[in-house]
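**Student:** Structure: run-v1.cif, mmCIF, C-alpha atoms.
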data_data
#
loop_
_atom_site.label_atom_id
_atom_site.label_comp_id
_atom_site.auth_asym_id
_atom_site.auth_seq_id
_atom_site.Cartn_x
_atom_site.Cartn_y
_atom_site.Cartn_z
CA MET C 502 -14.36 -58.86 -6.61
CA VAL C 503 -18.16 -59.03 -6.28
CA ALA C 504 -17.96 -59.13 -2.48
CA ALA C 505 -15.60 -56.16 -2.47
CA ALA C 506 -17.96 -54.14 -4.64
CA LEU C 507 -20.98 -54.73 -2.42
CA PRO C 508 -20.17 -52.13 0.29
CA ALA C 509 -19.64 -49.41 -2.33
CA PHE C 510 -22.87 -50.39 -4.10
CA SER C 511 -24.71 -50.29 -0.78
CA ARG C 512 -23.43 -46.76 -0.06
CA ILE C 513 -24.52 -45.53 -3.50
CA ALA C 514 -27.94 -47.14 -3.10
CA ARG C 515 -28.41 -45.44 0.27
CA ALA C 516 -27.49 -42.08 -1.24
CA GLU C 517 -29.94 -42.54 -4.13
CA THR C 518 -32.82 -43.21 -1.75
CA TYR C 519 -31.68 -40.63 0.84
CA PRO C 520 -33.52 -39.34 2.72
CA SER C 521 -36.07 -42.08 3.31
CA ARG C 522 -37.12 -40.77 6.74
CA PRO C 523 -36.99 -37.45 8.65
CA VAL C 524 -33.59 -35.85 9.22
CA ARG C 525 -32.60 -34.06 12.44
CA ILE C 526 -30.61 -30.84 12.26
CA ILE C 527 -29.07 -30.03 15.64
CA VAL C 528 -28.46 -26.36 16.50
CA GLY C 529 -26.15 -25.65 19.43
CA PHE C 530 -27.88 -22.36 20.22
CA PRO C 531 -31.24 -21.32 21.68
CA PRO C 532 -33.95 -20.34 19.18
CA GLY C 533 -33.81 -16.93 17.54
CA GLY C 534 -30.18 -16.29 16.62
CA ALA C 535 -28.52 -16.34 13.21
CA ALA C 536 -27.64 -20.06 13.37
CA ASP C 537 -31.16 -21.05 14.41
CA ILE C 538 -32.88 -18.92 11.75
CA THR C 539 -30.44 -20.20 9.12
CA ALA C 540 -31.22 -23.79 10.15
CA ARG C 541 -34.96 -23.21 9.86
CA LEU C 542 -34.75 -21.49 6.48
CA MET C 543 -32.49 -24.17 5.03
CA GLY C 544 -34.37 -26.98 6.75
CA GLN C 545 -37.60 -25.85 5.09
CA TRP C 546 -35.86 -25.64 1.73
CA LEU C 547 -34.38 -29.14 2.05
CA SER C 548 -37.73 -30.56 3.22
CA GLU C 549 -39.43 -29.22 0.10
CA ARG C 550 -36.65 -30.33 -2.25
CA LEU C 551 -36.01 -33.80 -0.85
CA GLY C 552 -39.49 -34.84 0.25
CA GLN C 553 -38.71 -35.58 3.90
CA GLN C 554 -38.92 -33.38 6.98
CA PHE C 555 -35.68 -31.78 8.16
CA VAL C 556 -36.50 -31.22 11.82
CA ILE C 557 -34.67 -28.53 13.80
CA GLU C 558 -33.61 -29.46 17.33
CA ASN C 559 -32.07 -26.80 19.57
CA ARG C 560 -29.46 -28.21 21.92
CA PRO C 561 -27.58 -25.28 23.49
CA GLY C 562 -24.88 -25.56 26.13
CA ALA C 563 -21.13 -25.14 26.72
CA GLY C 564 -20.63 -22.75 23.84
CA THR C 565 -22.28 -25.17 21.32
CA ASN C 566 -20.15 -28.13 22.49
CA VAL C 567 -23.17 -30.08 23.81
CA GLY C 568 -24.94 -30.12 20.45
CA THR C 569 -21.72 -30.67 18.55
CA GLU C 570 -20.75 -33.73 20.56
CA ALA C 571 -24.24 -35.21 20.19
CA VAL C 572 -23.90 -35.08 16.41
CA ILE C 573 -20.33 -36.36 16.36
CA ARG C 574 -21.39 -39.39 18.44
CA SER C 575 -24.39 -40.15 16.20
CA SER C 576 -24.49 -42.62 13.33
CA PRO C 577 -22.81 -41.32 10.14
CA ASP C 578 -25.83 -42.03 7.98
CA GLY C 579 -26.95 -38.51 7.06
CA TYR C 580 -29.92 -38.47 9.44
CA THR C 581 -28.31 -36.36 12.17
CA LEU C 582 -26.66 -33.15 10.99
CA LEU C 583 -25.23 -30.09 12.73
CA VAL C 584 -25.67 -26.43 11.92
CA SER C 585 -22.31 -25.07 12.94
CA GLY C 586 -20.83 -21.61 13.09
CA SER C 587 -17.85 -19.58 14.16
CA ASN C 588 -17.85 -21.20 17.62
CA ALA C 589 -16.51 -24.35 15.96
CA ALA C 590 -13.36 -22.41 15.03
CA ILE C 591 -13.10 -20.67 18.42
CA ASN C 592 -13.72 -23.56 20.82
CA PRO C 593 -10.67 -25.73 20.03
CA THR C 594 -8.40 -23.03 21.50
CA LEU C 595 -10.85 -21.61 24.03
CA PHE C 596 -11.59 -24.88 25.84
CA ARG C 597 -8.66 -26.74 27.35
CA SER C 598 -10.16 -30.20 26.98
CA LEU C 599 -12.86 -31.26 24.55
CA ASN C 600 -14.11 -34.79 24.02
CA PHE C 601 -13.79 -34.34 20.26
CA ASN C 602 -11.70 -32.71 17.55
CA PHE C 603 -14.09 -30.77 15.35
CA ILE C 604 -11.99 -30.84 12.18
CA ARG C 605 -11.14 -34.53 12.55
CA ASP C 606 -14.56 -35.74 13.68
CA THR C 607 -16.89 -33.93 11.27
CA ALA C 608 -17.49 -33.96 7.52
CA PRO C 609 -18.17 -30.51 6.02
CA ILE C 610 -21.29 -30.40 3.85
CA ALA C 611 -21.74 -26.76 2.86
CA SER C 612 -21.25 -23.23 4.07
CA ILE C 613 -24.54 -21.32 4.00
CA VAL C 614 -24.26 -17.72 5.10
CA ARG C 615 -21.80 -15.15 6.39
CA VAL C 616 -23.22 -12.72 8.97
CA PRO C 617 -21.44 -9.46 9.77
CA GLN C 618 -21.00 -8.24 13.27
CA LEU C 619 -21.92 -4.62 13.81
CA MET C 620 -19.67 -2.27 15.78
CA GLN C 621 -22.06 0.11 17.52
CA VAL C 622 -21.83 2.70 20.27
CA THR C 623 -24.18 4.45 22.62
CA PRO C 624 -25.06 7.89 21.18
CA SER C 625 -23.69 9.60 24.31
CA LEU C 626 -20.16 8.54 23.33
CA PRO C 627 -18.63 11.56 21.55
CA VAL C 628 -17.55 9.70 18.40
CA LYS C 629 -19.17 9.34 14.98
CA SER C 630 -16.62 7.27 13.09
CA VAL C 631 -14.11 4.47 13.59
CA PRO C 632 -11.08 6.83 13.49
CA GLU C 633 -12.75 9.06 16.10
CA PHE C 634 -13.47 6.00 18.26
CA ILE C 635 -9.85 4.80 18.06
CA ALA C 636 -8.53 8.26 18.93
CA TYR C 637 -10.95 8.60 21.85
CA ALA C 638 -10.11 5.10 23.14
CA LYS C 639 -6.38 5.83 23.04
CA THR C 640 -6.82 9.00 25.10
CA ASN C 641 -9.11 7.14 27.54
CA PRO C 642 -7.44 3.73 28.00
CA GLY C 643 -9.50 1.22 29.95
CA LYS C 644 -12.44 3.62 30.32
CA ILE C 645 -14.59 2.30 27.45
CA ALA C 646 -16.67 -0.75 28.37
CA MET C 647 -17.09 -3.26 25.54
CA GLY C 648 -20.05 -5.61 25.92
CA SER C 649 -20.35 -9.05 24.34
CA GLY C 650 -22.56 -12.13 24.47
CA GLY C 651 -20.13 -13.86 26.84
CA ASN C 652 -16.51 -14.91 27.35
CA GLY C 653 -15.23 -16.53 24.18
CA SER C 654 -18.32 -15.67 22.15
CA PRO C 655 -17.71 -14.59 18.54
CA ALA C 656 -18.52 -11.00 19.54
CA HIS C 657 -15.92 -11.12 22.32
CA VAL C 658 -13.24 -12.62 20.10
CA ILE C 659 -13.95 -10.10 17.34
CA GLY C 660 -13.74 -7.29 19.91
CA GLU C 661 -10.35 -8.58 21.06
CA TYR C 662 -9.25 -8.78 17.43
CA PHE C 663 -10.22 -5.11 17.06
CA LYS C 664 -8.19 -4.22 20.14
CA LEU C 665 -5.14 -6.08 18.83
CA MET C 666 -5.42 -4.50 15.38
CA THR C 667 -5.83 -0.95 16.72
CA GLY C 668 -3.74 -0.98 19.90
CA THR C 669 -6.69 0.16 22.00
CA ASP C 670 -7.50 -0.78 25.60
CA LEU C 671 -11.20 -1.55 26.05
CA THR C 672 -12.67 -3.19 29.16
CA HIS C 673 -14.58 -6.35 28.28
CA VAL C 674 -17.96 -6.85 29.97
CA PRO C 675 -19.45 -10.29 29.23
CA TYR C 676 -23.22 -10.87 29.23
CA ARG C 677 -25.36 -13.97 28.96
CA GLY C 678 -26.18 -13.36 25.32
CA ALA C 679 -26.25 -10.41 22.94
CA ALA C 680 -29.70 -9.10 23.92
CA PRO C 681 -28.78 -8.04 27.49
CA ALA C 682 -25.58 -6.45 26.17
CA VAL C 683 -27.61 -4.35 23.74
CA THR C 684 -30.02 -3.41 26.56
CA ASP C 685 -27.12 -2.03 28.61
CA LEU C 686 -25.68 -0.33 25.54
CA LEU C 687 -29.02 1.43 25.07
CA GLY C 688 -28.93 2.44 28.73
CA GLY C 689 -25.36 3.72 28.56
CA GLN C 690 -23.96 1.20 31.08
CA ILE C 691 -21.50 0.10 28.38
CA GLN C 692 -20.24 2.22 25.50
CA VAL C 693 -19.53 -0.17 22.62
CA ALA C 694 -20.56 -3.66 21.52
CA PHE C 695 -20.11 -6.03 18.62
CA THR C 696 -23.30 -7.98 17.85
CA GLU C 697 -24.98 -9.77 14.98
CA LEU C 698 -26.42 -7.15 12.67
CA ALA C 699 -29.98 -8.47 13.06
CA THR C 700 -29.82 -8.03 16.84
CA SER C 701 -29.37 -4.27 16.60
CA LEU C 702 -30.76 -3.32 13.19
CA GLY C 703 -33.98 -1.81 14.58
CA HIS C 704 -32.09 0.27 17.15
CA ILE C 705 -29.71 1.55 14.47
CA LYS C 706 -32.54 2.56 12.15
CA SER C 707 -34.39 4.30 15.00
CA GLY C 708 -31.27 6.24 16.00
CA SER C 709 -31.14 4.85 19.53
CA LEU C 710 -27.74 3.31 18.76
CA ARG C 711 -25.00 4.56 16.44
CA ALA C 712 -23.44 2.15 13.96
CA LEU C 713 -19.77 2.77 13.24
CA ALA C 714 -18.89 -0.16 10.98
CA VAL C 715 -19.56 -3.73 9.94
CA THR C 716 -16.85 -6.34 10.41
CA THR C 717 -17.04 -8.12 7.05
CA ALA C 718 -14.77 -7.25 4.11
CA ALA C 719 -17.80 -6.04 2.12
CA ARG C 720 -20.54 -3.68 3.24
CA ALA C 721 -23.82 -5.21 4.40
CA GLU C 722 -26.78 -5.03 2.06
CA ALA C 723 -29.07 -4.16 4.99
CA LEU C 724 -26.93 -1.10 5.91
CA PRO C 725 -25.18 -0.06 2.70
CA ASP C 726 -24.15 3.36 4.05
CA ILE C 727 -22.27 1.90 7.02
CA PRO C 728 -18.56 1.40 6.22
CA THR C 729 -16.50 -1.70 6.88
CA LEU C 730 -13.77 -1.75 9.50
CA ALA C 731 -11.36 -2.67 6.70
CA GLU C 732 -11.90 0.79 5.23
CA PHE C 733 -10.05 2.18 8.26
CA ILE C 734 -8.05 -0.85 9.47
CA PRO C 735 -6.35 -2.52 6.46
CA GLY C 736 -6.85 -6.27 6.38
CA PHE C 737 -9.56 -6.37 9.04
CA GLU C 738 -12.12 -9.10 8.35
CA ALA C 739 -14.22 -10.89 10.90
CA SER C 740 -17.67 -12.35 10.73
CA GLN C 741 -19.88 -15.12 11.90
CA TRP C 742 -20.49 -17.85 9.38
CA VAL C 743 -22.98 -20.67 9.45
CA GLY C 744 -22.82 -24.00 7.64
CA LEU C 745 -23.87 -27.64 7.81
CA VAL C 746 -21.69 -30.58 8.84
CA ALA C 747 -22.20 -34.29 9.39
CA PRO C 748 -20.37 -36.89 11.49
CA LYS C 749 -17.16 -38.13 9.87
CA ASP C 750 -17.53 -41.19 7.63
CA THR C 751 -20.93 -40.02 6.34
CA PRO C 752 -21.10 -41.36 2.75
CA SER C 753 -19.68 -38.86 0.26
CA ALA C 754 -22.66 -39.32 -2.05
CA ILE C 755 -24.98 -38.07 0.71
CA ILE C 756 -22.64 -35.13 1.40
CA GLU C 757 -22.65 -34.20 -2.29
CA LYS C 758 -26.44 -34.53 -2.55
CA LEU C 759 -26.98 -32.18 0.38
CA ASN C 760 -24.33 -29.77 -0.89
CA THR C 761 -26.03 -29.58 -4.30
CA GLU C 762 -29.44 -28.83 -2.79
CA ILE C 763 -28.05 -26.23 -0.35
CA ASN C 764 -26.26 -24.40 -3.16
CA ALA C 765 -29.46 -24.45 -5.18
CA GLY C 766 -31.17 -22.80 -2.21
CA LEU C 767 -28.46 -20.16 -1.95
CA ALA C 768 -29.08 -19.27 -5.61
CA ASP C 769 -32.85 -18.94 -5.07
CA PRO C 770 -33.83 -15.22 -5.07
CA LYS C 771 -36.49 -15.62 -2.35
CA LEU C 772 -34.16 -17.48 0.02
CA LYS C 773 -31.32 -15.04 -0.68
CA ALA C 774 -33.68 -12.18 0.22
CA ARG C 775 -34.57 -13.85 3.53
CA PHE C 776 -30.89 -14.14 4.43
CA ALA C 777 -30.33 -10.50 3.40
CA GLU C 778 -33.04 -9.48 5.89
CA LEU C 779 -30.79 -10.92 8.62
CA GLY C 780 -27.86 -8.95 7.27
CA GLY C 781 -26.44 -12.19 5.92
CA MET C 782 -24.59 -12.83 2.67
CA VAL C 783 -24.99 -16.26 1.12
CA LEU C 784 -21.82 -18.34 1.05
CA PRO C 785 -22.06 -21.04 -1.62
CA GLY C 786 -19.27 -23.53 -2.21
CA SER C 787 -18.13 -27.13 -2.16
CA PRO C 788 -17.57 -29.31 0.92
CA ASP C 789 -13.82 -28.76 0.42
CA ASP C 790 -14.33 -24.99 0.35
CA PHE C 791 -16.18 -25.16 3.66
CA GLY C 792 -13.52 -27.40 5.17
CA LYS C 793 -10.83 -24.88 4.23
CA LEU C 794 -12.85 -22.05 5.78
CA ILE C 795 -13.14 -23.98 9.06
CA ARG C 796 -9.40 -24.74 9.13
CA ASP C 797 -8.41 -21.16 8.28
CA GLU C 798 -10.77 -19.66 10.86
CA THR C 799 -9.59 -22.11 13.55
CA GLU C 800 -6.00 -20.97 12.99
CA LYS C 801 -6.95 -17.27 12.90
CA TRP C 802 -9.04 -17.24 16.07
CA GLY C 803 -6.57 -19.47 17.88
CA LYS C 804 -3.94 -16.75 17.45
CA VAL C 805 -6.33 -14.05 18.74
CA ILE C 806 -7.44 -16.10 21.75
CA ARG C 807 -3.85 -16.84 22.75
CA ALA C 808 -2.70 -13.24 22.21
CA ALA C 809 -5.60 -11.84 24.23
CA ASN C 810 -5.34 -14.63 26.83
CA ILE C 811 -9.08 -15.32 26.65
CA LYS C 812 -10.24 -17.94 29.11
CA VAL C 813 -13.63 -19.43 29.89
CA GLN C 814 -14.71 -19.57 33.51
#
Turn the structure described in the file into structure tokens.
**Tutor:**
Amino acid sequence: MVAAALPAFSRIARAETYPSRPVRIIVGFPPGGAADITARLMGQWLSERLGQQFVIENRPGAGTNVGTEAVIRSSPDGYTLLVSGSNAAINPTLFRSLNFNFIRDTAPIASIVRVPQLMQVTPSLPVKSVPEFIAYAKTNPGKIAMGSGGNGSPAHVIGEYFKLMTGTDLTHVPYRGAAPAVTDLLGGQIQVAFTELATSLGHIKSGSLRALAVTTAARAEALPDIPTLAEFIPGFEASQWVGLVAPKDTPSAIIEKLNTEINAGLADPKLKARFAELGGMVLPGSPDDFGKLIRDETEKWGKVIRAANIKVQ
């Protein structure tokens, strides 16, 4: 009996003293995007709350698979964590062979933020609303170029979802990231793009790009006058989300401790305001809530990827 109780006691003791040294948070993207900024904001919060440094390490590559696999293969002790996003729900269908199963091999800790994508057009396109865009696209099939941050990126998949939901024929033009897509949108080389709101917010406010809608079910606090796609396309909801996961078998007490502190951060007015500046809406919840979101999104985007026959090169 005593011997059997020792492993459980050891796990509880580790959780009580956790963290006793710096914690690495791996981000599978280059610096500057929504996932990276989210990691840095939450890492700073956790550092202050838990008394140890939460160090951000960018490890981009293969659509976030490089960073994801590094975390999955690490020790499940709470000292190597992964900031994960919508790619985790896209990649299982997009890539034919992965060395891991994200749902099986990770332990959800907490969702953090939901970031809308912004549907925007070059001002030279003769449309000022989503219904006008759909009508124009249907009378000009294949003639509207839709830019994205790359094949299989969240922006691409959301664009394909839009096409499926509206019966429009847009020509996909992949770029190496959202920034060059927006540059060509400004120059008129492409006519429409879906990007993270923060990427284009300045261009929208200056009038150099025209926002038609946000992709989330609710309007974005940063652009309250811009409608949602659901206002014109019933049931449309698509967004990027960001959360924190650990390798499977990480002690549940550590998971719960991190979840509690993250949710405290999401309730903090100053931190909420920082996320709002990115166009993000905080997404508090339990580890189980986050796990359900990942499973539901994996099923949803799998259907879109198969229907649109999206393939990575």
**Student:** Which residue gives the smallest distance to Gln741 of chain C among C:Val683, C:Val693, C:Ala535, C:Leu547, with all atoms listed in the file counted?
**Tutor:**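 With all atoms listed in the file as the atom set, the closest residue is C:Ala535.
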**Student:** Would you mind listing, for every residue of segment 688-781 of chain C within 7 Å of segment 606-623 of chain C, the two atoms forming the shortest contact and the distance between them in Å to one decimal, using all atoms listed in the file, sorted by chain and ascending residue number, as a Markdown table?
**Tutor:**
| residue | atom | partner | partner_atom | distance |
| --- | --- | --- | --- | --- |
| C:Gly689 | CA | C:Thr623 | CA | 6.1 |
| C:Gln692 | CA | C:Thr623 | CA | 5.4 |
| C:Val693 | CA | C:Val622 | CA | 4.4 |
| C:Ala694 | CA | C:Gln621 | CA | 5.7 |
| C:Phe695 | CA | C:Met620 | CA | 4.7 |
| C:Thr696 | CA | C:Gln618 | CA | 5.1 |
| C:Glu697 | CA | C:Gln618 | CA | 4.6 |
| C:Leu698 | CA | C:Leu619 | CA | 5.3 |
| C:Leu710 | CA | C:Thr623 | CA | 5.4 |
| C:Arg711 | CA | C:Val622 | CA | 5.3 |
| C:Ala712 | CA | C:Gln621 | CA | 4.3 |
| C:Leu713 | CA | C:Gln621 | CA | 5.5 |
| C:Ala714 | CA | C:Met620 | CA | 5.3 |
| C:Val715 | CA | C:Leu619 | CA | 4.6 |
| C:Thr716 | CA | C:Gln618 | CA | 5.4 |
| C:Thr717 | CA | C:Pro617 | CA | 5.3 |
| C:Ser740 | CA | C:Pro617 | CA | 4.8 |
| C:Gln741 | CA | C:Val616 | CA | 5.0 |
| C:Trp742 | CA | C:Arg615 | CA | 4.2 |
| C:Val743 | CA | C:Val614 | CA | 5.4 |
| C:Gly744 | CA | C:Ser612 | CA | 4.0 |
| C:Leu745 | CA | C:Ala611 | CA | 5.5 |
| C:Val746 | CA | C:Pro609 | CA | 4.5 |
| C:Ala747 | CA | C:Ala608 | CA | 5.1 |
| C:Pro748 | CA | C:Thr607 | CA | 4.6 |
| C:Lys749 | CA | C:Thr607 | CA | 4.4 |
| C:Ile756 | CA | C:Ile610 | CA | 5.5 |
| C:Leu759 | CA | C:Ile610 | CA | 6.9 |
| C:Asn760 | CA | C:Ala611 | CA | 5.5 |
| C:Gly780 | CA | C:Val616 | CA | 6.2 |
| C:Gly781 | CA | C:Val616 | CA | 4.5 |
**Student:** Which one of C:Val556, C:Pro788, C:Pro531, C:Ala739 sits closest to Ile755 of chain C if you count all atoms listed in the file?
**Tutor:**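 Ranking C:Val556, C:Pro788, C:Pro531, C:Ala739 by distance to Ile755 of chain C, first place goes to C:Pro788.
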**Student:** Excluding segment 798-812 of chain C and residues on its chain fewer than 5 positions from it, collect all residues at most 8 Å away from it, counting only C-alpha atoms, and give them as a list in words.
**Tutor:**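 Residues meeting the cut-off are Ser587, Ala589, Ala590, Ile591, Pro593, Thr594, Leu595, Phe596, Asn652, Gly653, Val658, Glu661, Tyr662 and Leu665 of chain C.
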**Student:** Once the PyMOL selection byres ((chain C and resi 766) around 10) is applied to the coordinates I shared, what remains selected? I want it as a list in words.
**Tutor:** Leu542, Met543, Trp546, Leu547, Arg550, Ile613, Asn760, Thr761, Glu762, Ile763, Asn764, Ala765, Leu767, Ala768, Asp769, Pro770, Lys771, Leu772, Lys773, Val783 and Pro785 of chain C
**Student:** To one decimal place in Å, what is the distance between atom CA of Ser753 of chain C and atom CA of Met782 of chain C?
**Tutor:**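 Atom-to-atom, atom CA of Ser753 of chain C to atom CA of Met782 of chain C, that is 26.6 Å.
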**Student:** Residues within 10 Å of (-10.2, 3.5, 25.9), file coordinates, counting only C-alpha atoms: what are they? Give the list as a list in words.
**Tutor:**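 Selection result: Phe634, Ile635, Ala636, Tyr637, Ala638, Lys639, Thr640, Asn641, Pro642, Gly643, Lys644, Ile645, Ala646, Met647, Lys664, Gly668, Thr669, Asp670, Leu671 and Thr672 of chain C.
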**Student:** Those residues with C-alpha atoms, as an mmCIF file, in the frame of the given file please?
**Tutor:**
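The result, stored in out_3.cif:
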data_model
loop_
_atom_site.group_PDB
_atom_site.id
_atom_site.type_symbol
_atom_site.label_atom_id
_atom_site.label_comp_id
_atom_site.auth_asym_id
_atom_site.auth_seq_id
_atom_site.Cartn_x
_atom_site.Cartn_y
_atom_site.Cartn_z
ATOM 1 C CA PHE C 634 -13.470 6.000 18.260
ATOM 2 C CA ILE C 635 -9.850 4.800 18.060
ATOM 3 C CA ALA C 636 -8.530 8.260 18.930
ATOM 4 C CA TYR C 637 -10.950 8.600 21.850
ATOM 5 C CA ALA C 638 -10.110 5.100 23.140
ATOM 6 C CA LYS C 639 -6.380 5.830 23.040
ATOM 7 C CA THR C 640 -6.820 9.000 25.100
ATOM 8 C CA ASN C 641 -9.110 7.140 27.540
ATOM 9 C CA PRO C 642 -7.440 3.730 28.000
ATOM 10 C CA GLY C 643 -9.500 1.220 29.950
ATOM 11 C CA LYS C 644 -12.440 3.620 30.320
ATOM 12 C CA ILE C 645 -14.590 2.300 27.450
ATOM 13 C CA ALA C 646 -16.670 -0.750 28.370
ATOM 14 C CA MET C 647 -17.090 -3.260 25.540
ATOM 15 C CA LYS C 664 -8.190 -4.220 20.140
ATOM 16 C CA GLY C 668 -3.740 -0.980 19.900
ATOM 17 C CA THR C 669 -6.690 0.160 22.000
ATOM 18 C CA ASP C 670 -7.500 -0.780 25.600
ATOM 19 C CA LEU C 671 -11.200 -1.550 26.050
ATOM 20 C CA THR C 672 -12.670 -3.190 29.160
#
**Student:** Pick the closest to Arg560 of chain C from C:Lys706, C:Arg525, C:Arg597, C:His673: which is it, counting all atoms listed in the file?
**Tutor:**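 The answer is C:Arg525, which sits nearest to Arg560 of chain C.
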**Student:** Enter the distance from atom CA of Val567 of chain C to atom CA of Ser649 of chain C, in Å, rounded to one decimal.
**Tutor:**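 Distance reported for this atom pair: 21.2 Å.
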**Student:** Which residues match the PyMOL selection byres ((chain C and resi 680-682) around 10) in the file above, as number ranges by chain?
**Tutor:** C: 647-651, 674-679, 683-688, 690-691, 693-696, 700-701
**Student:** Would you mind telling me which residue in C:Arg796, C:Arg522, C:Met666, C:Ala777 lies nearest to Pro725 of chain C when using only C-alpha atoms?
**Tutor:** C:Ala777
**Student:** Identify which of the residues C:Ile526, C:Val631, C:Leu702, C:Ala563 lies closest to Ala731 of chain C, counting all atoms listed in the file when measuring atom-to-atom distances.
**Tutor:** C:Val631
**Student:** C:Pro752, C:Arg541, C:Glu732, C:Asp789: which is nearest Glu517 of chain C, counting all atoms listed in the file?
**Tutor:**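 Smallest distance to Glu517 of chain C is found for C:Pro752.
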**Student:** Rounded to one decimal, what separation in Å do you get between atom CA of Lys793 of chain C and atom CA of Gly562 of chain C?
**Tutor:**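 Answer for the atom CA of Lys793 of chain C to atom CA of Gly562 of chain C separation: 26.0 Å.
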**Student:** Using only C-alpha atoms, determine which residues lie at most 8 Å from Asn559 of chain C, disregarding the query and same-chain residues fewer than 3 positions distant; provide the list as a ChimeraX atom specification.
**Tutor:** /C:527-532,537,568
**Student:** Write the residues of the preceding selection, restricted to C-alpha atoms, as a compact mmCIF listing (two decimals), in the coordinates of the input.
**Tutor:**
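In the end it all went to part.txt:
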# COMPACT_ATOMS: atom_id res chain seq x y z
CA ILE C 527 -29.07 -30.03 15.64
CA VAL C 528 -28.46 -26.36 16.50
CA GLY C 529 -26.15 -25.65 19.43
CA PHE C 530 -27.88 -22.36 20.22
CA PRO C 531 -31.24 -21.32 21.68
CA PRO C 532 -33.95 -20.34 19.18
CA ASP C 537 -31.16 -21.05 14.41
CA GLY C 568 -24.94 -30.12 20.45
**Student:** On this structure, the PyMOL selection byres ((chain C and resi 601) around 10) would catch which residues? List them as an MDAnalysis selection string, sorted by chain and number.
**Tutor:** chainID C and resid 566 569:570 573:574 593 598:600 602:607
**Student:** Go ahead and write the selection's residues with C-alpha atoms as a PDB file, keeping the file's coordinate frame.
**Tutor:**
ATOM      1  CA  ASN C 566     -20.150 -28.130  22.490  1.00  0.00           C
ATOM      2  CA  THR C 569     -21.720 -30.670  18.550  1.00  0.00           C
ATOM      3  CA  GLU C 570     -20.750 -33.730  20.560  1.00  0.00           C
ATOM      4  CA  ILE C 573     -20.330 -36.360  16.360  1.00  0.00           C
ATOM      5  CA  ARG C 574     -21.390 -39.390  18.440  1.00  0.00           C
ATOM      6  CA  PRO C 593     -10.670 -25.730  20.030  1.00  0.00           C
ATOM      7  CA  SER C 598     -10.160 -30.200  26.980  1.00  0.00           C
ATOM      8  CA  LEU C 599     -12.860 -31.260  24.550  1.00  0.00           C
ATOM      9  CA  ASN C 600     -14.110 -34.790  24.020  1.00  0.00           C
ATOM     10  CA  ASN C 602     -11.700 -32.710  17.550  1.00  0.00           C
ATOM     11  CA  PHE C 603     -14.090 -30.770  15.350  1.00  0.00           C
ATOM     12  CA  ILE C 604     -11.990 -30.840  12.180  1.00  0.00           C
ATOM     13  CA  ARG C 605     -11.140 -34.530  12.550  1.00  0.00           C
ATOM     14  CA  ASP C 606     -14.560 -35.740  13.680  1.00  0.00           C
ATOM     15  CA  THR C 607     -16.890 -33.930  11.270  1.00  0.00           C
TER      16      THR C 607
END
**Student:** Might I get the box with edges along x, y and z of the file that holds all atoms of segment 685-698 of chain C listed there, padded by 3 Å on every side, given as centre and edge lengths in Å to one decimal, as AutoDock Vina command-line options?
**Tutor:**
--center_x -24.3 --center_y -3.0 --center_z 21.9 --size_x 15.5 --size_y 19.5 --size_z 24.4
